[in-house]
Amino acid sequence: MIKRHIISEITEYIKAIEDNTIEVISILVICNESYEYKGIRSFPKVTINYIKTNDCCNLSSLSEEKWNIAFWDDRKEYSIIDSESNIVGAEILYNWYIQNNIKNIGYEDENLIYDNDMNYIGRGPNGYWELYEVIADSIYEIRKSKLLDYKIKGVPIIIHDYEYTWYTVEFTVKANPNNEATSFLKFYDNEFN
């Protein structure tokens, strides 16, 4: 049910984009203690946004403005799952967590998230890794169906949080099986490694 919801929301959003000049699509998963749903604090919020090719025409492929959504037009942002503006998505996710026995949503054990050199090695707050996996699988299925190729063929779809953590990069690679995210990965290596 959650995968069907995500595929449907992403598909309808992309179909509604008026032209075929999409440069990058962002799927942002936000963990914030102020987001609460049915008593679960840090309930995930998932949004989609995009930047057009003409917005990037003078930008380098390694430019932060191209890959950092803080520079994008947030009026194009849409909530796929949100405890305030997409309650249907929140309810589906909530039920999916229960069905899959995923507990302590949003909790992250601080004793397990850093190695001896203080490098972040965690898998994110409980329930987020599993959600990222479903999002990556959903995007992969959308690409495999080829129904949206007229809009997204060759377009990188970046799955991320605000920190661009190591595991979001792995899910981005999974969602872009034909190397659509190569430029993003180069940007990531330059900025974060």
# chains A, B, ... in the order shown; residues from 1 in each chain; ligands from 1
$ select_by_dssp --residues "segment 60-190 of chain A" --states "strand (DSSP E)" --output "PDB file with N, CA and C atoms, in the first residue's frame"
ATOM      1  N   TYR A  78       5.802  19.655  -3.230  1.00  0.00           N
ATOM      2  CA  TYR A  78       4.549  18.969  -2.931  1.00  0.00           C
ATOM      3  C   TYR A  78       4.831  17.890  -1.897  1.00  0.00           C
ATOM      4  N   SER A  79       3.944  17.745  -0.930  1.00  0.00           N
ATOM      5  CA  SER A  79       4.103  16.728   0.114  1.00  0.00           C
ATOM      6  C   SER A  79       3.471  15.415  -0.308  1.00  0.00           C
ATOM      7  N   ILE A  80       4.278  14.372  -0.295  1.00  0.00           N
ATOM      8  CA  ILE A  80       3.824  13.017  -0.598  1.00  0.00           C
ATOM      9  C   ILE A  80       3.292  12.362   0.678  1.00  0.00           C
ATOM     10  N   ILE A  81       4.013  12.597   1.768  1.00  0.00           N
ATOM     11  CA  ILE A  81       3.617  12.122   3.093  1.00  0.00           C
ATOM     12  C   ILE A  81       3.843  13.283   4.046  1.00  0.00           C
ATOM     13  N   ILE A 157      17.065  11.595 -10.116  1.00  0.00           N
ATOM     14  CA  ILE A 157      16.100  11.722  -9.023  1.00  0.00           C
ATOM     15  C   ILE A 157      16.883  11.469  -7.739  1.00  0.00           C
ATOM     16  N   ILE A 158      17.045  12.520  -6.964  1.00  0.00           N
ATOM     17  CA  ILE A 158      17.865  12.478  -5.766  1.00  0.00           C
ATOM     18  C   ILE A 158      16.977  12.209  -4.552  1.00  0.00           C
ATOM     19  N   ILE A 159      17.314  11.181  -3.796  1.00  0.00           N
ATOM     20  CA  ILE A 159      16.616  10.867  -2.553  1.00  0.00           C
ATOM     21  C   ILE A 159      17.545  11.313  -1.436  1.00  0.00           C
ATOM     22  N   HIS A 160      17.060  12.169  -0.549  1.00  0.00           N
ATOM     23  CA  HIS A 160      17.992  12.729   0.430  1.00  0.00           C
ATOM     24  C   HIS A 160      17.283  13.269   1.659  1.00  0.00           C
TER      25      HIS A 160
END
$ residues_around --residues "Ile98 of chain A" --least-positions-apart "6" --cutoff "12 Å" --atoms "only C-alpha atoms" --output "PyMOL selection string"
chain A and resi 40+91-92+104-105+127
$ write_last_selection --atoms "N, CA and C atoms" --output "PDB file, in the first residue's frame"
ATOM      1  N   ILE A  40       3.291   9.870  17.473  1.00  0.00           N
ATOM      2  CA  ILE A  40       4.664   9.565  17.070  1.00  0.00           C
ATOM      3  C   ILE A  40       5.371  10.874  16.734  1.00  0.00           C
ATOM      4  N   GLU A  91      -1.291   8.458   7.047  1.00  0.00           N
ATOM      5  CA  GLU A  91      -2.046   7.314   7.559  1.00  0.00           C
ATOM      6  C   GLU A  91      -1.559   6.008   6.922  1.00  0.00           C
ATOM      7  N   ILE A  92      -1.291   6.044   5.644  1.00  0.00           N
ATOM      8  CA  ILE A  92      -0.784   4.844   4.960  1.00  0.00           C
ATOM      9  C   ILE A  92       0.570   4.449   5.538  1.00  0.00           C
ATOM     10  N   ASN A 104       9.372   2.608  17.624  1.00  0.00           N
ATOM     11  CA  ASN A 104      10.212   3.741  18.051  1.00  0.00           C
ATOM     12  C   ASN A 104      10.584   4.645  16.875  1.00  0.00           C
ATOM     13  N   ILE A 105       9.604   4.955  16.053  1.00  0.00           N
ATOM     14  CA  ILE A 105       9.820   5.783  14.872  1.00  0.00           C
ATOM     15  C   ILE A 105      10.483   7.091  15.296  1.00  0.00           C
ATOM     16  N   GLY A 127      12.719   3.622  11.350  1.00  0.00           N
ATOM     17  CA  GLY A 127      11.647   3.756  10.372  1.00  0.00           C
ATOM     18  C   GLY A 127      12.035   4.525   9.122  1.00  0.00           C
TER      19      GLY A 127
END
$ closest_residue --among "A:Leu112, A:Leu59, A:Ala181, A:Leu93" --to "Arg4 of chain A" --atoms "only C-alpha atoms"
A:Leu93
$ closest_residue --among "A:Lys38, A:Lys151, A:Lys144, A:Lys3" --to "Thr21 of chain A" --atoms "only C-alpha atoms"
A:Lys151
$ atom_distance --atom1 "atom CA of Ile87 of chain A" --atom2 "atom CA of Leu28 of chain A"
17.2 Å
$ select_by_dssp --residues "chain A" --states "alpha helix (DSSP H)" --output "PyMOL selection string"
chain A and resi 2-16+64-67+87-99+128-145+149-152+166-175+182-192
$ closest_residue --among "A:Ile139, A:Tyr107, A:Tyr35, A:Asp115" --to "His5 of chain A" --atoms "only C-alpha atoms"
A:Ile139
$ residues_around --residues "Asp19 of chain A" --least-positions-apart "5" --cutoff "12 Å" --atoms "only C-alpha atoms" --output "list of chain:residue names"
A:Ile14, A:Tyr50, A:Ile51, A:Lys52, A:Thr53, A:Asn54, A:Tyr150, A:Lys151, A:Ile152
$ atom_distance --atom1 "atom CA of Trp96 of chain A" --atom2 "atom CA of Ile10 of chain A"
18.4 Å
$ closest_residue --among "A:Asn190, A:Asn179, A:Ser26, A:Thr172" --to "Lys66 of chain A" --atoms "only C-alpha atoms"
A:Ser26
$ atom_distance --atom1 "atom CA of Ser138 of chain A" --atom2 "atom CA of Ile7 of chain A"
5.6 Å
$ residues_around --residues "Asn32 of chain A" --least-positions-apart "6" --cutoff "9 Å" --atoms "only C-alpha atoms" --output "list in words"
Arg41, Ser42, Phe43, Pro44, Lys45 and Gly106 of chain A
$ residues_around --residues "Lys174 of chain A" --least-positions-apart "2" --cutoff "8 Å" --atoms "only C-alpha atoms" --output "list of chain:residue names"
A:Ala136, A:Asp137, A:Tyr140, A:Glu170, A:Phe171, A:Thr172, A:Asn176, A:Pro177
$ closest_residue --among "A:Glu141, A:Glu108, A:Glu36, A:Glu65" --to "Ser8 of chain A" --atoms "only C-alpha atoms"
A:Glu141
$ closest_residue --among "A:Leu131, A:Met1, A:Val155, A:Ala175" --to "Val24 of chain A" --atoms "only C-alpha atoms"
A:Val155
$ residues_around --residues "Asn111 of chain A" --least-positions-apart "6" --cutoff "12 Å" --atoms "only C-alpha atoms" --output "PyMOL selection string"
chain A and resi 118+120-122
$ residues_around --residues "Asn68 of chain A" --least-positions-apart "4" --cutoff "10 Å" --atoms "only C-alpha atoms" --output "list of chain:residue names"
A:Ser26, A:Ser63, A:Glu64, A:Trp72, A:Tyr162, A:Tyr164
$ write_last_selection --atoms "N, CA, C and O atoms" --output "PDB file, in the first residue's frame"
ATOM      1  N   SER A  26      13.969  16.133  -6.732  1.00  0.00           N
ATOM      2  CA  SER A  26      14.356  15.889  -5.348  1.00  0.00           C
ATOM      3  C   SER A  26      13.232  15.172  -4.617  1.00  0.00           C
ATOM      4  O   SER A  26      12.079  15.590  -4.697  1.00  0.00           O
ATOM      5  N   SER A  63      27.794  22.554  -9.212  1.00  0.00           N
ATOM      6  CA  SER A  63      27.316  23.727  -8.486  1.00  0.00           C
ATOM      7  C   SER A  63      26.346  23.350  -7.367  1.00  0.00           C
ATOM      8  O   SER A  63      25.438  22.534  -7.560  1.00  0.00           O
ATOM      9  N   GLU A  64      26.515  23.965  -6.212  1.00  0.00           N
ATOM     10  CA  GLU A  64      25.611  23.708  -5.097  1.00  0.00           C
ATOM     11  C   GLU A  64      24.193  24.158  -5.425  1.00  0.00           C
ATOM     12  O   GLU A  64      23.222  23.533  -5.006  1.00  0.00           O
ATOM     13  N   TRP A  72      16.219  26.187  -4.573  1.00  0.00           N
ATOM     14  CA  TRP A  72      15.142  25.928  -5.515  1.00  0.00           C
ATOM     15  C   TRP A  72      13.878  26.689  -5.136  1.00  0.00           C
ATOM     16  O   TRP A  72      13.721  27.153  -4.022  1.00  0.00           O
ATOM     17  N   TYR A 162      18.361  16.530   4.729  1.00  0.00           N
ATOM     18  CA  TYR A 162      19.069  17.809   4.670  1.00  0.00           C
ATOM     19  C   TYR A 162      20.582  17.646   4.768  1.00  0.00           C
ATOM     20  O   TYR A 162      21.340  18.513   4.355  1.00  0.00           O
ATOM     21  N   TYR A 164      22.358  14.980   3.453  1.00  0.00           N
ATOM     22  CA  TYR A 164      22.905  14.130   2.393  1.00  0.00           C
ATOM     23  C   TYR A 164      23.761  13.024   3.008  1.00  0.00           C
ATOM     24  O   TYR A 164      24.936  12.857   2.686  1.00  0.00           O
TER      25      TYR A 164
END
